[in-house]
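Undergrad: One structure is given below, represented as structure tokens, and several questions about it will come after.
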Amino acid sequence: MTKPTPNPTPSRDNLTRLMRAHGRGGVLRMRSSGGSDAALNTPRAEGLTMAAPAPVPTRMEIQITGIRKHFAECVTEQDDGEMCDARSSDWDSPMPANAWIRAHADEEGHTKFKKHTEEEVATFTKPARVR
């Protein structure tokens, strides 16, 4: 009589029999593939897979790395259908940009402007605090 070949994918009945015979407190200790150290002899709750650990929660931080810059640009449409596209210099304060707008409006007669604010930032991730 030949010995039956073990099924590599045990059925629910086989696992239930194993649990009744060798399980303790809802935990069945098993080794994979002929006793190798591929899976450590650590207790696992019944039905849970041997998955990789869950990733650590992180949060995104934004850090301002530069000084805020203010500038203005003229968006007035000219007679030929083109935009003026004149742009002021960058300043650390909004007041010089306002002065540039007034001066450009006086010189060219343009009436539409956009004011912009820029600041350099960097992003990084760090582990979230667990409360």
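Chain labels follow the order of the structure tokens: the first chain is A, the next B, and so on; residue numbering restarts at 1 in every chain, and ligands are counted from 1 in their shown order.
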Which residues are near Phe124 (chain A)? Cut-off 7 Å, only C-alpha atoms, ignore same chain within fewer than 3 positions. Put them as JSON, numbers by chain.
TA: {"A": [60, 61, 62]}
Undergrad: Compile the contact shell of Glu73 (chain A) as a PyMOL selection string: residues with an atom at most 12 Å away, counting only C-alpha atoms, same-chain residues fewer than 6 positions apart removed.
TA: chain A and resi 83-90+97-98+100-102+104-105+110-117
Undergrad: Could you tell me how far CA of Trp91 (chain A) sits from CA of Arg68 (chain A), in Å to one decimal place?
TA: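 Between CA of Arg68 (chain A) and CA of Trp91 (chain A) the gap works out to 8.3 Å.
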Undergrad: Using DSSP assignments from the backbone, pull out every residue in region 47-115 of chain A that falls under alpha helix (DSSP H) and give it to me as a list of chain:residue names.
TA: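 Residues of region 47-115 of chain A classed as alpha helix (DSSP H): A:Pro94, A:Met95, A:Pro96, A:Ala97, A:Asn98, A:Ala99, A:Trp100, A:Ile101, A:Arg102, A:Ala103, A:His104, A:Ala105, A:Asp106, A:Glu107, A:Glu108.
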Undergrad: Mind writing the picked residues with all heavy atoms as a compact mmCIF listing (two decimals), in the first residue's frame?
TA:
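Output below, filename again39.txt:
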```
# COMPACT_ATOMS: atom_id res chain seq x y z
N PRO A 94 4.95 93.69 -0.13
CA PRO A 94 4.02 93.98 -1.23
C PRO A 94 4.00 95.45 -1.65
O PRO A 94 3.51 95.78 -2.72
CB PRO A 94 2.66 93.56 -0.68
CG PRO A 94 2.80 93.64 0.79
CD PRO A 94 4.23 93.32 1.09
N MET A 95 4.53 96.34 -0.83
CA MET A 95 4.46 97.79 -1.13
C MET A 95 5.19 98.18 -2.41
O MET A 95 4.63 98.94 -3.22
CB MET A 95 4.97 98.59 0.06
CG MET A 95 4.18 98.35 1.34
SD MET A 95 2.41 98.54 1.15
CE MET A 95 2.31 100.30 1.16
N PRO A 96 6.40 97.70 -2.69
CA PRO A 96 7.05 98.07 -3.96
C PRO A 96 6.29 97.55 -5.19
O PRO A 96 6.30 98.21 -6.24
CB PRO A 96 8.44 97.42 -3.85
CG PRO A 96 8.68 97.27 -2.40
CD PRO A 96 7.34 97.01 -1.80
N ALA A 97 5.63 96.40 -5.07
CA ALA A 97 4.85 95.90 -6.20
C ALA A 97 3.68 96.83 -6.49
O ALA A 97 3.35 97.10 -7.65
CB ALA A 97 4.34 94.48 -5.90
N ASN A 98 3.04 97.35 -5.43
CA ASN A 98 1.96 98.33 -5.62
C ASN A 98 2.47 99.60 -6.29
O ASN A 98 1.82 100.15 -7.18
CB ASN A 98 1.32 98.68 -4.27
CG ASN A 98 0.59 97.51 -3.65
OD1 ASN A 98 0.28 96.54 -4.32
ND2 ASN A 98 0.34 97.60 -2.36
N ALA A 99 3.65 100.06 -5.89
CA ALA A 99 4.24 101.26 -6.50
C ALA A 99 4.56 101.00 -7.98
O ALA A 99 4.35 101.88 -8.83
CB ALA A 99 5.49 101.67 -5.74
N TRP A 100 5.05 99.80 -8.30
CA TRP A 100 5.34 99.46 -9.69
C TRP A 100 4.07 99.49 -10.53
O TRP A 100 4.06 99.98 -11.66
CB TRP A 100 6.01 98.09 -9.78
CG TRP A 100 6.34 97.70 -11.18
CD1 TRP A 100 7.46 98.01 -11.88
CD2 TRP A 100 5.50 96.97 -12.08
NE1 TRP A 100 7.38 97.51 -13.16
CE2 TRP A 100 6.18 96.86 -13.31
CE3 TRP A 100 4.24 96.39 -11.98
CZ2 TRP A 100 5.66 96.19 -14.42
CZ3 TRP A 100 3.71 95.73 -13.08
CH2 TRP A 100 4.42 95.64 -14.28
N ILE A 101 2.95 98.95 -9.98
CA ILE A 101 1.67 98.94 -10.70
C ILE A 101 1.24 100.37 -11.02
O ILE A 101 0.86 100.69 -12.15
CB ILE A 101 0.59 98.22 -9.88
CG1 ILE A 101 0.87 96.72 -9.84
CG2 ILE A 101 -0.80 98.48 -10.45
CD1 ILE A 101 -0.01 95.94 -8.90
N ARG A 102 1.33 101.27 -10.02
CA ARG A 102 0.94 102.67 -10.26
C ARG A 102 1.83 103.33 -11.31
O ARG A 102 1.34 104.03 -12.20
CB ARG A 102 1.00 103.45 -8.94
CG ARG A 102 -0.19 103.17 -8.04
CD ARG A 102 -0.28 104.14 -6.88
NE ARG A 102 0.84 104.04 -5.95
CZ ARG A 102 0.91 103.17 -4.94
NH1 ARG A 102 -0.08 102.31 -4.75
NH2 ARG A 102 1.95 103.15 -4.15
N ALA A 103 3.13 103.09 -11.24
CA ALA A 103 4.06 103.70 -12.20
C ALA A 103 3.82 103.16 -13.61
O ALA A 103 3.80 103.94 -14.59
CB ALA A 103 5.50 103.43 -11.78
N HIS A 104 3.61 101.85 -13.75
CA HIS A 104 3.38 101.26 -15.07
C HIS A 104 2.04 101.76 -15.65
O HIS A 104 1.94 102.05 -16.85
CB HIS A 104 3.39 99.73 -14.98
CG HIS A 104 3.29 99.05 -16.31
ND1 HIS A 104 4.35 98.98 -17.19
CD2 HIS A 104 2.25 98.42 -16.93
CE1 HIS A 104 3.98 98.32 -18.28
NE2 HIS A 104 2.69 97.97 -18.14
N ALA A 105 1.03 101.88 -14.81
CA ALA A 105 -0.28 102.39 -15.27
C ALA A 105 -0.15 103.83 -15.73
O ALA A 105 -0.76 104.22 -16.74
CB ALA A 105 -1.31 102.27 -14.15
N ASP A 106 0.65 104.65 -15.03
CA ASP A 106 0.84 106.06 -15.44
C ASP A 106 1.60 106.15 -16.76
O ASP A 106 1.24 106.95 -17.63
CB ASP A 106 1.62 106.83 -14.36
CG ASP A 106 0.76 107.14 -13.15
OD1 ASP A 106 -0.49 107.05 -13.26
OD2 ASP A 106 1.34 107.45 -12.09
N GLU A 107 2.64 105.34 -16.94
CA GLU A 107 3.46 105.41 -18.14
C GLU A 107 2.75 104.85 -19.37
O GLU A 107 2.79 105.46 -20.44
CB GLU A 107 4.77 104.62 -17.95
CG GLU A 107 5.75 105.24 -16.99
CD GLU A 107 6.93 104.32 -16.73
OE1 GLU A 107 7.12 103.33 -17.47
OE2 GLU A 107 7.66 104.59 -15.76
N GLU A 108 2.12 103.70 -19.24
CA GLU A 108 1.57 103.00 -20.39
C GLU A 108 0.06 103.14 -20.54
O GLU A 108 -0.48 102.81 -21.58
CB GLU A 108 1.91 101.49 -20.29
CG GLU A 108 3.38 101.19 -20.18
CD GLU A 108 4.15 101.56 -21.44
OE1 GLU A 108 3.56 101.51 -22.54
OE2 GLU A 108 5.34 101.90 -21.32
```
